[in-house]
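Participant: See work_23.cif below, with mmCIF, C-alpha atoms.
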data_run
loop_
_atom_site.label_atom_id
_atom_site.label_comp_id
_atom_site.auth_asym_id
_atom_site.auth_seq_id
_atom_site.Cartn_x
_atom_site.Cartn_y
_atom_site.Cartn_z
CA MET P 1 -2.18 31.87 -43.71
CA SER P 2 -2.54 31.90 -39.93
CA ALA P 3 -5.37 33.63 -38.06
CA ALA P 4 -2.79 36.03 -36.55
CA ALA P 5 -1.58 37.02 -40.04
CA ARG P 6 -5.13 37.45 -41.39
CA HIS P 7 -6.02 39.60 -38.37
CA PHE P 8 -2.92 41.79 -38.85
CA LEU P 9 -3.30 42.20 -42.63
CA PHE P 10 -7.06 42.46 -43.04
CA ASP P 11 -8.51 43.62 -39.71
CA GLN P 12 -5.74 45.87 -38.38
CA ARG P 13 -4.20 47.10 -41.65
CA ARG P 14 -7.34 46.78 -43.87
CA LEU P 15 -5.28 45.73 -46.88
CA ASP P 16 -6.65 44.56 -50.20
CA PRO P 17 -6.46 40.74 -50.50
CA ARG P 18 -5.17 41.14 -54.08
CA VAL P 19 -2.13 42.99 -52.71
CA ILE P 20 -1.42 40.14 -50.27
CA ARG P 21 -1.55 37.65 -53.16
CA TRP P 22 0.63 39.88 -55.42
CA CYS P 23 3.26 40.22 -52.67
CA ARG P 24 3.02 36.47 -51.88
CA LEU P 25 2.87 37.00 -48.13
CA THR P 26 2.76 33.92 -45.93
CA SER P 27 2.99 33.20 -42.23
CA TRP P 28 4.55 30.68 -39.88
CA ARG P 29 4.99 29.94 -36.19
CA ASP P 30 8.37 29.25 -34.62
CA ARG P 31 9.22 26.74 -31.87
CA GLN P 32 8.56 29.36 -29.17
CA GLY P 33 5.02 29.83 -30.52
CA ILE P 34 5.72 33.27 -32.03
CA HIS P 35 3.67 34.03 -35.14
CA TRP P 36 5.63 35.59 -38.00
CA LEU P 37 4.58 37.18 -41.26
CA GLN P 38 6.99 36.14 -44.00
CA ILE P 39 7.75 38.91 -46.50
CA PRO P 40 9.54 37.70 -49.65
CA TYR P 41 11.80 40.03 -51.66
CA TYR P 42 12.08 39.46 -55.40
CA ASP P 43 14.30 40.92 -58.09
CA PRO P 44 12.57 42.71 -61.00
CA ASP P 45 12.21 39.37 -62.84
CA GLY P 46 10.43 37.70 -59.93
CA HIS P 47 13.32 35.61 -58.57
CA LEU P 48 13.38 35.29 -54.79
CA ILE P 49 16.39 37.15 -53.36
CA GLY P 50 15.55 37.47 -49.67
CA ILE P 51 13.09 37.15 -46.84
CA GLN P 52 12.08 39.50 -44.06
CA ASN P 53 10.03 38.25 -41.12
CA ARG P 54 7.71 40.44 -39.05
CA ASN P 55 6.77 39.45 -35.52
CA LEU P 56 2.96 39.38 -35.21
CA MET P 57 2.84 39.07 -31.42
CA PRO P 58 1.63 42.28 -29.68
CA GLY P 59 4.75 44.07 -28.44
CA GLY P 60 6.87 41.21 -29.78
CA GLU P 61 10.61 41.75 -30.04
CA PRO P 62 12.42 41.71 -32.30
CA ARG P 63 9.79 43.25 -34.55
CA PHE P 64 11.67 42.41 -37.77
CA LYS P 65 14.17 39.67 -38.57
CA PHE P 66 16.24 39.09 -41.69
CA PRO P 67 17.67 35.57 -42.10
CA LYS P 68 21.42 35.40 -42.75
CA GLY P 69 22.26 35.97 -46.40
CA ALA P 70 18.98 37.74 -47.22
CA GLN P 71 19.38 40.48 -49.84
CA CYS P 72 16.59 42.85 -48.93
CA GLY P 73 17.51 46.12 -50.61
CA ILE P 74 14.28 47.29 -52.25
CA TYR P 75 10.91 45.62 -51.76
CA ASN P 76 8.43 44.87 -54.58
CA LEU P 77 10.84 45.27 -57.51
CA PRO P 78 8.59 43.23 -59.89
CA VAL P 79 6.26 46.26 -60.05
CA LEU P 80 8.94 48.02 -62.12
CA ASN P 81 8.04 45.78 -65.08
CA ARG P 82 4.46 47.09 -64.95
CA LEU P 83 5.40 50.77 -65.20
CA LYS P 84 4.53 52.75 -68.30
CA GLU P 85 6.38 55.79 -69.57
CA GLY P 86 5.91 58.82 -67.30
CA GLU P 87 3.95 56.86 -64.71
CA VAL P 88 4.14 57.57 -60.97
CA LEU P 89 6.01 55.21 -58.64
CA TYR P 90 5.69 55.69 -54.89
CA ILE P 91 8.63 54.97 -52.60
CA ALA P 92 7.67 53.84 -49.11
CA GLU P 93 9.71 53.31 -45.99
CA GLY P 94 8.90 49.72 -45.08
CA ALA P 95 6.84 46.95 -46.63
CA SER P 96 3.65 47.74 -44.68
CA ASP P 97 3.53 51.28 -46.10
CA CYS P 98 4.11 49.75 -49.54
CA TRP P 99 1.11 47.41 -49.03
CA ALA P 100 -1.03 50.40 -48.02
CA LEU P 101 0.02 52.34 -51.14
CA LEU P 102 -0.68 49.29 -53.33
CA SER P 103 -4.07 48.80 -51.62
CA ALA P 104 -4.86 52.46 -52.39
CA GLY P 105 -4.26 51.73 -56.08
CA HIS P 106 -0.72 53.10 -56.48
CA LYS P 107 2.34 51.40 -57.89
CA ALA P 108 4.90 51.29 -55.09
CA ILE P 109 8.21 49.92 -53.87
CA ALA P 110 9.73 50.15 -50.40
CA ILE P 111 13.04 50.69 -48.71
CA PRO P 112 12.97 48.21 -45.78
CA SER P 113 14.53 50.74 -43.43
CA ALA P 114 16.07 54.19 -43.69
CA THR P 115 19.24 52.73 -42.21
CA LEU P 116 19.50 49.79 -44.67
CA LEU P 117 19.60 51.71 -47.96
CA LYS P 118 22.69 51.21 -50.12
CA LYS P 119 23.44 53.20 -53.29
CA ASP P 120 23.73 49.99 -55.32
CA ASP P 121 20.14 49.13 -54.35
CA LEU P 122 18.92 52.20 -56.23
CA GLN P 123 20.28 51.15 -59.63
CA PRO P 124 16.92 49.72 -60.84
CA LEU P 125 15.25 53.05 -59.98
CA LEU P 126 17.91 55.04 -61.81
CA THR P 127 17.47 52.76 -64.84
CA ILE P 128 13.68 53.16 -65.04
CA ASN P 129 14.03 56.89 -64.41
CA SER P 130 16.20 57.25 -67.52
CA LYS P 131 14.20 54.80 -69.69
CA LEU P 132 10.63 55.65 -68.67
CA LEU P 133 10.89 59.16 -67.21
CA THR P 134 9.27 57.78 -64.09
CA GLN P 135 7.77 60.25 -61.63
CA PHE P 136 8.80 59.36 -58.07
CA HIS P 137 6.63 60.31 -55.09
CA MET P 138 7.13 59.73 -51.38
CA TYR P 139 5.28 60.21 -48.10
CA PRO P 140 8.29 60.16 -45.73
CA ASP P 141 7.61 58.88 -42.23
CA ARG P 142 7.08 61.76 -39.79
CA ASP P 143 10.42 61.27 -38.05
CA LEU P 144 14.03 62.23 -38.57
CA PRO P 145 15.07 58.93 -40.28
CA GLY P 146 12.14 59.28 -42.71
CA GLU P 147 13.08 62.82 -43.69
CA ARG P 148 16.75 61.81 -43.92
CA LEU P 149 15.78 58.95 -46.26
CA PHE P 150 13.81 61.37 -48.46
CA LEU P 151 16.79 63.74 -48.70
CA GLN P 152 19.14 60.85 -49.46
CA LEU P 153 16.85 59.63 -52.26
CA LYS P 154 16.31 63.16 -53.59
CA GLU P 155 20.07 63.48 -54.23
CA LEU P 156 19.91 60.53 -56.65
CA LEU P 157 16.35 61.07 -57.93
CA PRO P 158 16.02 64.86 -58.34
CA ASN P 159 12.39 64.57 -59.53
CA LEU P 160 11.30 62.87 -56.27
CA GLN P 161 8.16 64.63 -54.98
CA HIS P 162 7.61 65.06 -51.22
CA HIS P 163 4.11 64.55 -49.81
CA GLN P 164 3.54 65.77 -46.26
CA LEU P 165 1.58 63.52 -43.93
CA PRO P 166 -1.04 65.06 -41.64
CA PRO P 167 0.24 65.79 -38.11
CA ASP P 168 -1.66 62.82 -36.64
CA CYS P 169 -0.10 60.28 -39.05
CA LYS P 170 3.35 58.82 -38.36
CA ASP P 171 3.52 57.02 -41.73
CA TYR P 172 1.49 56.30 -44.87
CA SER P 173 -0.17 53.28 -43.23
CA ASP P 174 -1.77 55.64 -40.69
CA LEU P 175 -3.05 57.88 -43.49
CA TYR P 176 -4.37 54.85 -45.39
CA LEU P 177 -6.31 53.71 -42.30
CA GLN P 178 -7.84 57.19 -41.96
CA LEU P 179 -8.88 57.21 -45.61
CA HIS P 180 -10.23 53.63 -45.58
CA PRO P 181 -12.65 53.11 -42.71
CA PRO P 182 -13.16 49.59 -41.36
CA THR P 183 -15.06 47.13 -43.51
CA ASN P 184 -15.24 43.37 -43.37
CA MET P 185 -12.35 42.74 -45.81
CA ASN P 186 -10.99 39.69 -44.00
CA PRO P 187 -11.65 36.85 -46.43
CA ALA P 188 -11.61 34.44 -43.50
CA SER P 189 -14.39 36.25 -41.58
#
Spit out the file's structure as structure tokens when you get a sec.

Facilitator:
Amino acid sequence: MSAAARHFLFDQRRLDPRVIRWCRLTSWRDRQGIHWLQIPYYDPDGHLIGIQNRNLMPGGEPRFKFPKGAQCGIYNLPVLNRLKEGEVLYIAEGASDCWALLSAGHKAIAIPSATLLKKDDLQPLLTINSKLLTQFHMYPDRDLPGERLFLQLKELLPNLQHHQLPPDCKDYSDLYLQLHPPTNMNPAS
């Protein structure tokens, strides 16, 4: 993994190295010298179904890129196989909030974007809800798309619980950073 990726994941985001291994995050640099974090999407059985790339350059645009043909509906679907009956599953908006929830010790999946959600993508959640009586929880981003996503999910998952972020947090990653002060977690340091 590149120094830029380690800095982003461990120094800036303070994520647990076990989460990075579980999610199989990697990095690469393109011909223009832009550093990218590669975020693989797997189906519940662990088969690769898509890739999302995140630009690691400060202020870099575009921030996210999906290669053609990528099927990136719900992130971290393999966690569904680790759920027990009645257990809580957090739904995040975006992979980085999912990593923060996982690093905080929660089981979590993510919708890559409030605008990318399709009803068909939710079928695995509906299935585990009926089989395992899963409790769904969500910290919606503190913006209109985040609240809209929560309401959209609540229509299909009536037991979805809303958690309000503090006023100074725009998303769960901000809250995670507040709750986990800096330590030297970077395995490369």

Participant: Excluding Leu160 of chain P and any residue of its chain fewer than 2 positions from it, enumerate the residues within 7 Å of it, using only C-alpha atoms, and give them as a VMD selection string.

Facilitator: chain P and resid 135 to 137 154 157 to 158 162

Participant: Give me the residues near Ala108 of chain P as a VMD selection string, where near means some atom within 9 Å (using all atoms listed in the file) and where sequence neighbours in that chain fewer than 3 positions away do not count.

Facilitator: chain P and resid 75 to 77 79 to 80 88 to 92 98 to 99 101 to 102

Participant: Just the residues within 10 Å of Leu177 of chain P, please, counting all atoms listed in the file, with nothing from its chain fewer than 5 positions along; format it as a ChimeraX atom specification.

Facilitator: /P:12-15,100,169,172,182

Participant: Would you please work out which residue, of P:His163, P:Arg29, P:His106, P:His35, is nearest to Arg63 of chain P when using all atoms listed in the file?

Facilitator: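 Ranking P:His163, P:Arg29, P:His106, P:His35 by distance to Arg63 of chain P, first place goes to P:His35.
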
Participant: Would you kindly return, as a PyMOL selection string, each protein, DNA or RNA residue with an atom no farther than 9 Å from any atom of Gln164 of chain P, considering all atoms listed in the file and excluding same-chain residues fewer than 2 positions away?

Facilitator: chain P and resi 138-142+162+166-167

Participant: Could segment 160-184 of chain P be written out with N, CA, C and O atoms, as a tab-separated table (two decimals), in the first residue's frame, please?

Facilitator:
chain	number	residue	atom	x	y	z
P	160	LEU	N	-35.66	0.31	10.78
P	160	LEU	CA	-34.42	1.09	10.70
P	160	LEU	C	-34.45	2.20	11.75
P	160	LEU	O	-35.36	3.02	11.78
P	161	GLN	N	-33.42	2.22	12.60
P	161	GLN	CA	-33.31	3.21	13.67
P	161	GLN	C	-32.43	4.38	13.24
P	161	GLN	O	-31.34	4.17	12.73
P	162	HIS	N	-32.89	5.58	13.49
P	162	HIS	CA	-32.17	6.82	13.14
P	162	HIS	C	-31.32	7.26	14.34
P	162	HIS	O	-31.82	7.36	15.45
P	163	HIS	N	-30.04	7.53	14.10
P	163	HIS	CA	-29.16	8.10	15.12
P	163	HIS	C	-28.74	9.48	14.63
P	163	HIS	O	-28.23	9.62	13.52
P	164	GLN	N	-28.96	10.48	15.47
P	164	GLN	CA	-28.63	11.85	15.10
P	164	GLN	C	-27.17	12.16	15.41
P	164	GLN	O	-26.70	11.89	16.50
P	165	LEU	N	-26.48	12.70	14.44
P	165	LEU	CA	-25.09	13.12	14.64
P	165	LEU	C	-25.07	14.45	15.38
P	165	LEU	O	-25.99	15.25	15.25
P	166	PRO	N	-24.01	14.70	16.15
P	166	PRO	CA	-23.86	16.01	16.78
P	166	PRO	C	-23.78	17.11	15.71
P	166	PRO	O	-23.37	16.83	14.57
P	167	PRO	N	-24.14	18.34	16.05
P	167	PRO	CA	-24.16	19.43	15.07
P	167	PRO	C	-22.82	19.67	14.37
P	167	PRO	O	-22.80	20.13	13.24
P	168	ASP	N	-21.70	19.34	15.02
P	168	ASP	CA	-20.39	19.60	14.43
P	168	ASP	C	-19.84	18.42	13.62
P	168	ASP	O	-18.69	18.42	13.20
P	169	CYS	N	-20.68	17.41	13.37
P	169	CYS	CA	-20.27	16.24	12.59
P	169	CYS	C	-21.12	16.16	11.32
P	169	CYS	O	-22.34	16.12	11.40
P	170	LYS	N	-20.45	16.11	10.16
P	170	LYS	CA	-21.21	16.01	8.91
P	170	LYS	C	-21.55	14.57	8.56
P	170	LYS	O	-22.49	14.30	7.83
P	171	ASP	N	-20.77	13.61	9.10
P	171	ASP	CA	-21.02	12.19	8.85
P	171	ASP	C	-20.44	11.37	9.98
P	171	ASP	O	-19.82	11.91	10.91
P	172	TYR	N	-20.64	10.03	9.93
P	172	TYR	CA	-20.15	9.19	11.01
P	172	TYR	C	-18.63	9.23	11.14
P	172	TYR	O	-18.10	9.14	12.24
P	173	SER	N	-17.92	9.40	10.04
P	173	SER	CA	-16.46	9.47	10.11
P	173	SER	C	-16.01	10.62	11.01
P	173	SER	O	-15.05	10.48	11.77
P	174	ASP	N	-16.70	11.76	10.95
P	174	ASP	CA	-16.38	12.89	11.84
P	174	ASP	C	-16.60	12.50	13.30
P	174	ASP	O	-15.78	12.81	14.16
P	175	LEU	N	-17.72	11.83	13.58
P	175	LEU	CA	-17.99	11.40	14.95
P	175	LEU	C	-16.94	10.40	15.42
P	175	LEU	O	-16.45	10.48	16.54
P	176	TYR	N	-16.57	9.47	14.56
P	176	TYR	CA	-15.55	8.48	14.90
P	176	TYR	C	-14.24	9.17	15.27
P	176	TYR	O	-13.59	8.81	16.26
P	177	LEU	N	-13.84	10.17	14.50
P	177	LEU	CA	-12.60	10.89	14.78
P	177	LEU	C	-12.67	11.62	16.13
P	177	LEU	O	-11.68	11.70	16.85
P	178	GLN	N	-13.85	12.14	16.47
P	178	GLN	CA	-14.02	12.79	17.77
P	178	GLN	C	-13.89	11.79	18.91
P	178	GLN	O	-13.32	12.09	19.95
P	179	LEU	N	-14.44	10.60	18.70
P	179	LEU	CA	-14.45	9.57	19.75
P	179	LEU	C	-13.14	8.79	19.86
P	179	LEU	O	-12.91	8.10	20.84
P	180	HIS	N	-12.30	8.90	18.84
P	180	HIS	CA	-11.03	8.16	18.81
P	180	HIS	C	-9.88	9.14	18.56
P	180	HIS	O	-9.50	9.36	17.42
P	181	PRO	N	-9.35	9.69	19.63
P	181	PRO	CA	-8.27	10.68	19.48
P	181	PRO	C	-7.05	10.06	18.80
P	181	PRO	O	-6.89	8.85	18.77
P	182	PRO	N	-6.21	10.92	18.23
P	182	PRO	CA	-5.04	10.42	17.50
P	182	PRO	C	-4.14	9.52	18.35
P	182	PRO	O	-3.88	9.80	19.50
P	183	THR	N	-3.73	8.43	17.72
P	183	THR	CA	-2.71	7.55	18.29
P	183	THR	C	-1.83	7.15	17.13
P	183	THR	O	-2.16	7.39	15.97
P	184	ASN	N	-0.75	6.51	17.38
P	184	ASN	CA	0.14	6.08	16.31
P	184	ASN	C	-0.30	4.71	15.81
P	184	ASN	O	0.30	3.70	16.12
